[in-house]
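To be precise, the following lines are run.cif, and they hold mmCIF, C-alpha atoms.
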```cif
data_data
#
loop_
_atom_site.label_atom_id
_atom_site.label_comp_id
_atom_site.auth_asym_id
_atom_site.auth_seq_id
_atom_site.Cartn_x
_atom_site.Cartn_y
_atom_site.Cartn_z
CA MET A 5 0.74 -19.18 -5.07
CA LYS A 6 1.92 -21.32 -2.21
CA LEU A 7 1.47 -20.57 1.45
CA PHE A 8 3.84 -22.44 3.72
CA VAL A 9 2.43 -22.78 7.21
CA GLN A 10 3.48 -24.27 10.52
CA SER A 11 0.83 -25.16 13.06
CA GLU A 12 0.52 -26.95 16.39
CA GLU A 13 -0.54 -30.17 14.70
CA ASP A 14 1.94 -30.17 11.79
CA SER A 15 5.64 -29.55 11.48
CA LEU A 16 5.11 -28.18 7.96
CA ARG A 17 2.17 -27.95 5.61
CA VAL A 18 1.85 -26.42 2.16
CA ALA A 19 -1.37 -25.02 0.73
CA ASP A 20 -1.96 -24.05 -2.91
CA LEU A 21 -3.86 -20.76 -2.77
CA GLY A 22 -3.99 -19.69 -6.39
CA CYS A 23 -5.48 -16.20 -6.09
CA ALA A 24 -7.77 -17.21 -3.24
CA THR A 25 -8.27 -14.69 -0.47
CA GLY A 26 -10.57 -16.75 1.78
CA ARG A 27 -9.81 -18.53 5.03
CA LEU A 28 -7.93 -21.83 4.74
CA PHE A 29 -7.20 -22.87 8.33
CA PRO A 30 -8.88 -22.77 11.76
CA LYS A 31 -8.55 -19.68 13.89
CA GLY A 32 -5.39 -19.26 15.93
CA LYS A 33 -3.61 -22.40 14.71
CA LEU A 34 -0.69 -21.15 12.61
CA HIS A 35 2.69 -20.14 14.00
CA VAL A 36 4.44 -19.33 10.71
CA ALA A 37 2.93 -18.41 7.34
CA VAL A 38 5.05 -17.64 4.27
CA SER A 39 3.80 -16.31 0.92
CA LEU A 40 6.40 -16.28 -1.86
CA SER A 41 6.13 -14.50 -5.22
CA ALA A 42 2.36 -14.60 -5.23
CA LEU A 43 0.68 -11.53 -3.81
CA HIS A 44 1.35 -9.30 -6.82
CA TRP A 45 -1.11 -11.51 -8.74
CA LEU A 46 -4.69 -10.25 -8.59
CA SER A 47 -7.72 -12.40 -7.87
CA GLN A 48 -9.38 -11.02 -11.00
CA ILE A 49 -9.16 -8.38 -13.71
CA PRO A 50 -11.28 -5.37 -12.69
CA GLU A 51 -14.54 -5.41 -14.65
CA THR A 52 -14.13 -1.80 -15.77
CA VAL A 53 -10.87 -2.67 -17.52
CA LEU A 54 -12.75 -5.12 -19.76
CA ASP A 55 -15.73 -2.85 -20.45
CA LYS A 56 -15.56 -1.02 -23.80
CA ARG A 57 -17.87 1.68 -22.43
CA SER A 58 -15.63 2.37 -19.45
CA SER A 59 -12.90 5.02 -19.29
CA ALA A 60 -10.76 2.26 -17.74
CA TRP A 61 -10.96 0.03 -20.83
CA ASN A 62 -7.37 -1.09 -21.48
CA LYS A 63 -7.50 -1.14 -25.27
CA GLY A 64 -4.42 -2.44 -27.09
CA ARG A 65 -2.41 -3.31 -23.97
CA ALA A 66 -1.80 -6.58 -22.19
CA TRP A 67 -0.72 -4.94 -18.94
CA ILE A 68 -0.86 -1.61 -17.09
CA ASP A 69 2.69 -0.25 -17.19
CA GLY A 70 2.33 3.07 -18.99
CA ALA A 71 -1.46 2.71 -19.21
CA LYS A 72 -3.87 5.58 -18.67
CA LYS A 73 -4.82 6.74 -15.20
CA GLU A 74 -8.24 5.06 -15.04
CA VAL A 75 -6.81 1.63 -15.87
CA VAL A 76 -4.07 1.88 -13.28
CA GLU A 77 -6.51 3.09 -10.63
CA ALA A 78 -8.79 0.11 -11.28
CA TYR A 79 -5.86 -2.28 -10.85
CA ALA A 80 -4.69 -0.46 -7.71
CA LYS A 81 -8.15 -0.73 -6.16
CA GLN A 82 -8.35 -4.47 -6.90
CA SER A 83 -4.83 -4.93 -5.51
CA GLU A 84 -5.78 -3.10 -2.32
CA GLU A 85 -8.88 -5.24 -1.81
CA ASP A 86 -6.99 -8.48 -2.46
CA LEU A 87 -4.16 -7.72 -0.06
CA GLU A 88 -6.52 -6.61 2.70
CA ASP A 89 -8.59 -9.80 2.26
CA PHE A 90 -5.42 -11.90 2.44
CA LEU A 91 -4.23 -10.13 5.60
CA ARG A 92 -7.61 -10.41 7.34
CA CYS A 93 -7.65 -14.17 6.80
CA ARG A 94 -4.08 -14.67 7.98
CA LYS A 95 -4.84 -12.45 10.98
CA GLU A 96 -7.52 -14.91 12.10
CA GLU A 97 -5.40 -18.00 11.45
CA ILE A 98 -2.07 -16.94 13.01
CA VAL A 99 -1.56 -17.18 16.76
CA GLU A 100 -0.40 -14.21 18.83
CA GLY A 101 3.36 -13.92 18.40
CA GLY A 102 3.24 -15.86 15.14
CA VAL A 103 5.11 -14.72 12.03
CA LEU A 104 3.85 -13.72 8.60
CA PHE A 105 6.53 -13.51 5.90
CA MET A 106 5.64 -12.14 2.47
CA LEU A 107 7.68 -11.70 -0.70
CA MET A 108 5.90 -10.07 -3.64
CA GLY A 109 6.64 -8.10 -6.78
CA GLY A 110 6.90 -4.39 -6.04
CA ARG A 111 8.03 -0.98 -7.18
CA PRO A 112 9.90 1.92 -5.53
CA GLY A 113 7.81 4.33 -3.53
CA SER A 114 9.15 7.16 -5.66
CA GLN A 115 7.38 5.81 -8.76
CA ARG A 116 3.72 6.36 -9.62
CA PRO A 117 1.56 3.25 -10.11
CA ASP A 118 1.59 3.67 -13.90
CA ASN A 119 5.37 3.14 -13.74
CA GLN A 120 5.34 -0.43 -12.48
CA LEU A 121 8.95 -1.20 -13.40
CA ASP A 122 10.99 1.84 -12.34
CA ASP A 123 13.62 2.42 -15.07
CA SER A 124 13.27 2.74 -18.86
CA ASP A 125 15.33 -0.35 -19.73
CA SER A 126 13.26 -2.57 -17.44
CA ARG A 127 10.06 -1.12 -18.86
CA ALA A 128 11.23 -1.86 -22.41
CA LYS A 129 12.52 -5.36 -21.70
CA HIS A 130 10.06 -6.78 -19.17
CA PRO A 131 8.12 -9.72 -20.68
CA PHE A 132 4.75 -8.15 -19.83
CA THR A 133 5.30 -4.94 -21.82
CA CYS A 134 6.45 -4.13 -25.37
CA SER A 135 7.23 -7.60 -26.71
CA MET A 136 3.99 -9.01 -25.32
CA ASP A 137 1.90 -6.25 -26.90
CA GLN A 138 3.73 -6.76 -30.20
CA ALA A 139 3.05 -10.51 -30.13
CA TRP A 140 -0.68 -9.90 -29.69
CA GLU A 141 -0.55 -7.32 -32.48
CA ASP A 142 1.15 -9.88 -34.75
CA LEU A 143 -1.72 -12.33 -34.22
CA LEU A 144 -4.18 -9.55 -35.01
CA ASN A 145 -2.36 -8.45 -38.18
CA GLU A 146 -2.15 -12.05 -39.38
CA GLY A 147 -5.91 -12.44 -39.01
CA LEU A 148 -5.66 -15.10 -36.30
CA ILE A 149 -7.59 -13.01 -33.77
CA ASP A 150 -9.79 -9.91 -33.83
CA GLU A 151 -9.37 -6.67 -31.90
CA GLU A 152 -11.90 -7.69 -29.29
CA THR A 153 -9.88 -10.80 -28.47
CA ARG A 154 -6.67 -8.82 -28.21
CA ASP A 155 -8.24 -6.10 -26.07
CA GLY A 156 -9.90 -8.67 -23.82
CA PHE A 157 -6.60 -10.06 -22.54
CA ASN A 158 -5.03 -8.42 -19.51
CA ILE A 159 -2.30 -9.71 -17.22
CA PRO A 160 -3.63 -9.75 -13.61
CA ALA A 161 -0.54 -8.41 -11.84
CA TYR A 162 0.11 -5.22 -9.88
CA MET A 163 3.43 -4.13 -8.37
CA ARG A 164 2.70 -2.36 -5.10
CA SER A 165 4.87 0.21 -3.38
CA MET A 166 6.01 -0.33 0.22
CA GLU A 167 3.65 2.49 1.21
CA GLU A 168 0.69 0.60 -0.25
CA VAL A 169 1.69 -2.58 1.60
CA GLU A 170 2.18 -0.68 4.86
CA ARG A 171 -1.24 1.00 4.55
CA ALA A 172 -2.94 -2.36 4.02
CA ILE A 173 -1.25 -3.83 7.10
CA GLU A 174 -2.22 -0.80 9.20
CA ARG A 175 -5.86 -0.94 8.02
CA CYS A 176 -6.05 -4.65 8.78
CA GLY A 177 -4.57 -4.26 12.25
CA GLY A 178 -3.27 -7.15 14.33
CA PHE A 179 0.22 -7.16 12.79
CA GLU A 180 3.39 -5.31 13.67
CA ILE A 181 5.93 -4.89 10.87
CA GLN A 182 9.33 -6.07 12.03
CA ARG A 183 11.09 -5.40 8.76
CA MET A 184 10.15 -4.35 5.24
CA GLU A 185 12.52 -3.84 2.31
CA TYR A 186 12.40 -3.10 -1.40
CA GLN A 187 15.08 -4.81 -3.48
CA ARG A 188 15.97 -4.86 -7.17
CA ILE A 189 16.98 -8.20 -8.64
CA VAL A 190 18.90 -8.21 -11.90
CA GLU A 191 17.46 -10.37 -14.66
CA HIS A 192 20.71 -12.22 -15.40
CA SER A 193 24.49 -11.94 -15.10
CA LYS A 194 26.68 -9.92 -17.45
CA GLU A 195 28.23 -13.17 -18.69
CA LYS A 196 24.80 -14.55 -19.57
CA GLN A 197 23.88 -11.33 -21.33
CA ASP A 198 27.04 -11.51 -23.46
CA GLU A 199 26.23 -15.12 -24.31
CA TRP A 200 22.72 -14.20 -25.42
CA ILE A 201 23.96 -11.28 -27.52
CA ARG A 202 26.04 -13.83 -29.43
CA ASP A 203 23.06 -16.20 -29.64
CA PRO A 204 19.82 -14.17 -29.65
CA VAL A 205 17.75 -17.18 -30.68
CA SER A 206 18.59 -18.87 -27.37
CA TYR A 207 17.62 -15.69 -25.54
CA GLY A 208 14.25 -15.56 -27.29
CA ARG A 209 13.63 -19.20 -26.45
CA ALA A 210 14.53 -18.67 -22.78
CA LYS A 211 12.26 -15.63 -22.43
CA ALA A 212 9.39 -17.36 -24.22
CA ASN A 213 9.70 -20.35 -21.88
CA LEU A 214 9.59 -17.98 -18.91
CA VAL A 215 6.42 -16.38 -20.24
CA ARG A 216 4.87 -19.77 -20.98
CA ALA A 217 5.50 -20.90 -17.42
CA THR A 218 3.96 -17.71 -16.07
CA LEU A 219 1.04 -16.95 -18.38
CA ARG A 220 0.09 -20.10 -20.29
CA PRO A 221 -2.99 -20.99 -18.17
CA ILE A 222 -4.60 -17.56 -18.53
CA VAL A 223 -3.68 -17.23 -22.21
CA GLU A 224 -5.11 -20.67 -22.97
CA ALA A 225 -8.27 -19.78 -21.06
CA HIS A 226 -8.62 -16.72 -23.28
CA VAL A 227 -7.77 -18.07 -26.77
CA GLY A 228 -7.27 -21.84 -26.43
CA PRO A 229 -4.12 -24.02 -26.68
CA TYR A 230 -3.39 -23.48 -30.38
CA LEU A 231 -3.47 -19.68 -30.39
CA SER A 232 -1.73 -19.64 -27.02
CA GLU A 233 1.25 -21.41 -28.54
CA GLU A 234 1.14 -19.15 -31.59
CA LEU A 235 1.31 -16.12 -29.28
CA PHE A 236 4.38 -17.47 -27.49
CA LYS A 237 6.05 -18.16 -30.85
CA ARG A 238 5.45 -14.53 -31.92
CA PHE A 239 6.78 -13.37 -28.57
CA GLU A 240 9.93 -15.47 -29.02
CA ASN A 241 10.49 -14.07 -32.51
CA ARG A 242 10.04 -10.50 -31.32
CA VAL A 243 12.48 -10.89 -28.46
CA SER A 244 15.18 -12.73 -30.38
CA SER A 245 15.10 -10.33 -33.34
CA ASP A 246 15.83 -7.18 -31.31
CA ILE A 247 19.50 -7.09 -30.34
CA SER A 248 19.13 -3.62 -28.83
CA LEU A 249 16.62 -5.11 -26.39
CA ILE A 250 19.00 -7.89 -25.37
CA ARG A 251 21.67 -5.30 -24.58
CA LYS A 252 19.39 -3.65 -22.02
CA THR A 253 19.32 -4.76 -18.40
CA CYS A 254 15.99 -5.58 -16.78
CA PHE A 255 15.49 -5.44 -13.03
CA TYR A 256 12.66 -7.10 -11.11
CA GLY A 257 11.52 -5.25 -7.99
CA VAL A 258 10.45 -7.21 -4.92
CA ILE A 259 9.08 -6.23 -1.53
CA VAL A 260 9.97 -8.39 1.46
CA VAL A 261 7.91 -8.12 4.66
CA CYS A 262 8.23 -9.80 8.04
CA ALA A 263 5.34 -9.09 10.42
CA ILE A 264 4.44 -10.39 13.89
CA ARG A 265 0.86 -11.17 14.91
CA LYS A 266 -0.01 -8.95 17.87
#
```
Let me see whether you can do it: turn the structure in this file into structure tokens.
Amino acid sequence: MKLFVQSEEDSLRVADLGCATGRLFPKGKLHVAVSLSALHWLSQIPETVLDKRSSAWNKGRAWIDGAKKEVVEAYAKQSEEDLEDFLRCRKEEIVEGGVLFMLMGGRPGSQRPDNQLDDSDSRAKHPFTCSMDQAWEDLLNEGLIDEETRDGFNIPAYMRSMEEVERAIERCGGFEIQRMEYQRIVEHSKEKQDEWIRDPVSYGRAKANLVRATLRPIVEAHVGPYLSEELFKRFENRVSSDISLIRKTCFYGVIVVCAIRK
């Protein structure tokens, strides 16, 4: 994740945060801080999700959409802690009257946390859900991995509601929300969808490249480079072979927040 900051000493500086939640700059030095498409990523997978003895063990799933209550609650708790840590650090670094702008993945307030993606088509087509689980299952069925390896992989992302974001800002204190919106962004145009229906192989390749760009580091850390690439190949095959999936429309939810340091 990148945090763009403007301070008294610099016209513009960029800091790579990764999933860090610690302080990066001196107190009261930043006038503008911007976090783009980063805060839905968690600093870590909750330990209970990886523990076979725990009721929150996320067996057979790579992510939490549609997962059981205990898994979702563990993710929600980690998400809450991460966002509050982030806000506390920015609160110390930003001067009074300074601006904090955040854009992160999100979900409608009307949806429960286990429904991370709102509508049924998005839930079916999102790269973190069905096709990803099927790709891991393919590796398992082909004898390339065991169940423990499959069950040990979880995507560290959580789509908050605006209510969850607002609660975190209120608990942190020191910020006044100027504007907050939830928006749905369509995956691609109708023209592009028609093109991919005619050429599903290209669609599978495009989606696999998107997933590689997003998840390759954590997949490689879990199974190594060779099996990582084999997973993405299975994902590509799954996506390109399902025309009914290509005909669906996937939306990505985002929450946009502008807050002033009080």
inquiry  = Given only C-alpha atoms as the basis, pick out the residue of A:Leu107, A:Ala172, A:Ala161, A:Val53 nearest to Phe90 of chain A.
reply    =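 Under the stated criterion, the closest residue is A:Ala172.
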ask   = Applied to this file, what does the PyMOL selection byres ((chain A and resi 151-158) around 9) return in terms of residues, put as a list in words?
value =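 Checking the PyMOL selection byres ((chain A and resi 151-158) around 9) against this file, the residues are Ile49, Val53, Leu54, Asp55, Trp61, Asn62, Lys63, Gly64, Arg65, Ala66, Trp67, Ile68, Trp140, Glu141, Leu143, Leu144, Ile149, Asp150, Ile159, Pro160, Ala161, Ile222, Val223, His226 and Val227 of chain A.
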key: Gly257 of chain A surroundings by only C-alpha atoms, 8 Å radius, close-in-sequence under 2 positions cut, as an MDAnalysis selection string   = chainID A and resid 109:112 121 186:189 255 259
inquiry  = Quick one: residues within 7 Å of Arg92 of chain A, only C-alpha atoms, excluding same-chain residues fewer than 4 positions away - as a ChimeraX atom specification?
reply    = /A:88,96,176
task = For Lys194 of chain A, please output as a ChimeraX atom specification all residues within 10 Å (counting all atoms listed in the file; exclusion window: fewer than 5 positions along the same chain).
result = /A:199-200,251,253
message = Which residues are near Gly102 of chain A? Cut-off 10 Å, all atoms listed in the file, ignore same chain within fewer than 2 positions. Put them as a PyMOL selection string.
response = chain A and resi 10-11+32-37+95+97-100+104+179+263-266
request  = Could you please determine the separation between atom CA of Cys262 of chain A and atom CA of Met184 of chain A in Å, to one decimal place?
outcome  =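 Taking atom CA of Cys262 of chain A and atom CA of Met184 of chain A, their separation equals 6.4 Å.
Neighbours of Asp89 of chain A closer than or equal to 12 Å, with only C-alpha atoms counted and sequence neighbours fewer than 6 positions away skipped, come out as A:Cys23, A:Ala24, A:Thr25, A:Gly26, A:Arg27, A:Leu43, A:Leu46, A:Ser47, A:Gln82, A:Ser83, A:Lys95, A:Glu96, A:Ala172, A:Ile173, A:Arg175, A:Cys176.
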Using 3 Å of padding on each side, determine the axis-aligned box around all atoms of segment 200-218 of chain A present in the file and give its centre and edge lengths in Å to one decimal, as AutoDock Vina command-line options.
```
--center_x 15.0 --center_y -16.1 --center_z -23.4 --size_x 28.1 --size_y 15.6 --size_z 20.6
```
ask   = What does the PyMOL selection byres ((chain A and resi 70) around 7) select in this file, as a ChimeraX atom specification?
value = /A:68-69,71-72,118-119
task = Find, counting only C-alpha atoms, the residue in A:Gly178, A:Pro131, A:Gly101, A:Gly228 that gets nearest to Leu214 of chain A.
result =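 Looking only at the distances to Leu214 of chain A, the closest residue turns out to be A:Pro131.
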key: Of the listed residues A:Glu174, A:Glu234, A:Glu240, A:Glu191, that which approaches Ser206 of chain A most closely, counting all atoms listed in the file   = A:Glu240
ask   = Between atom CA of Met166 of chain A and atom CA of Glu74 of chain A, what is the distance, to one decimal in Å?
value =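 If I compute the distance from atom CA of Met166 of chain A to atom CA of Glu74 of chain A, I get 21.6 Å.
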key: Nearest to Ala139 of chain A, chosen from A:Ser248, A:Ser39, A:Thr52, A:Ser232, with all atoms listed in the file counted in the distances   =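 Counting all atoms listed in the file, the residue closest to Ala139 of chain A is A:Ser232.
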ask   = Expressed in Å to a single decimal, how great is the separation between atom CA of Arg242 of chain A and atom CA of Glu146 of chain A?
value =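 Taking atom CA of Arg242 of chain A and atom CA of Glu146 of chain A, their separation equals 14.7 Å.
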Expand the PyMOL selection byres ((chain A and resi 210) around 12) into the individual residues it matches in the shown file, reporting them as a PDB file with C-alpha atoms, in the coordinates of the input.
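Just written: out12.pdb:
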```
ATOM      1  CA  PRO A 131       8.120  -9.720 -20.680  1.00  0.00           C
ATOM      2  CA  GLU A 191      17.460 -10.370 -14.660  1.00  0.00           C
ATOM      3  CA  HIS A 192      20.710 -12.220 -15.400  1.00  0.00           C
ATOM      4  CA  LYS A 196      24.800 -14.550 -19.570  1.00  0.00           C
ATOM      5  CA  GLN A 197      23.880 -11.330 -21.330  1.00  0.00           C
ATOM      6  CA  TRP A 200      22.720 -14.200 -25.420  1.00  0.00           C
ATOM      7  CA  ASP A 203      23.060 -16.200 -29.640  1.00  0.00           C
ATOM      8  CA  PRO A 204      19.820 -14.170 -29.650  1.00  0.00           C
ATOM      9  CA  VAL A 205      17.750 -17.180 -30.680  1.00  0.00           C
ATOM     10  CA  SER A 206      18.590 -18.870 -27.370  1.00  0.00           C
ATOM     11  CA  TYR A 207      17.620 -15.690 -25.540  1.00  0.00           C
ATOM     12  CA  GLY A 208      14.250 -15.560 -27.290  1.00  0.00           C
ATOM     13  CA  ARG A 209      13.630 -19.200 -26.450  1.00  0.00           C
ATOM     14  CA  LYS A 211      12.260 -15.630 -22.430  1.00  0.00           C
ATOM     15  CA  ALA A 212       9.390 -17.360 -24.220  1.00  0.00           C
ATOM     16  CA  ASN A 213       9.700 -20.350 -21.880  1.00  0.00           C
ATOM     17  CA  LEU A 214       9.590 -17.980 -18.910  1.00  0.00           C
ATOM     18  CA  VAL A 215       6.420 -16.380 -20.240  1.00  0.00           C
ATOM     19  CA  ARG A 216       4.870 -19.770 -20.980  1.00  0.00           C
ATOM     20  CA  ALA A 217       5.500 -20.900 -17.420  1.00  0.00           C
ATOM     21  CA  PHE A 236       4.380 -17.470 -27.490  1.00  0.00           C
ATOM     22  CA  LYS A 237       6.050 -18.160 -30.850  1.00  0.00           C
ATOM     23  CA  PHE A 239       6.780 -13.370 -28.570  1.00  0.00           C
ATOM     24  CA  GLU A 240       9.930 -15.470 -29.020  1.00  0.00           C
ATOM     25  CA  ASN A 241      10.490 -14.070 -32.510  1.00  0.00           C
ATOM     26  CA  VAL A 243      12.480 -10.890 -28.460  1.00  0.00           C
ATOM     27  CA  SER A 244      15.180 -12.730 -30.380  1.00  0.00           C
ATOM     28  CA  ILE A 250      19.000  -7.890 -25.370  1.00  0.00           C
TER      29      ILE A 250
END
```
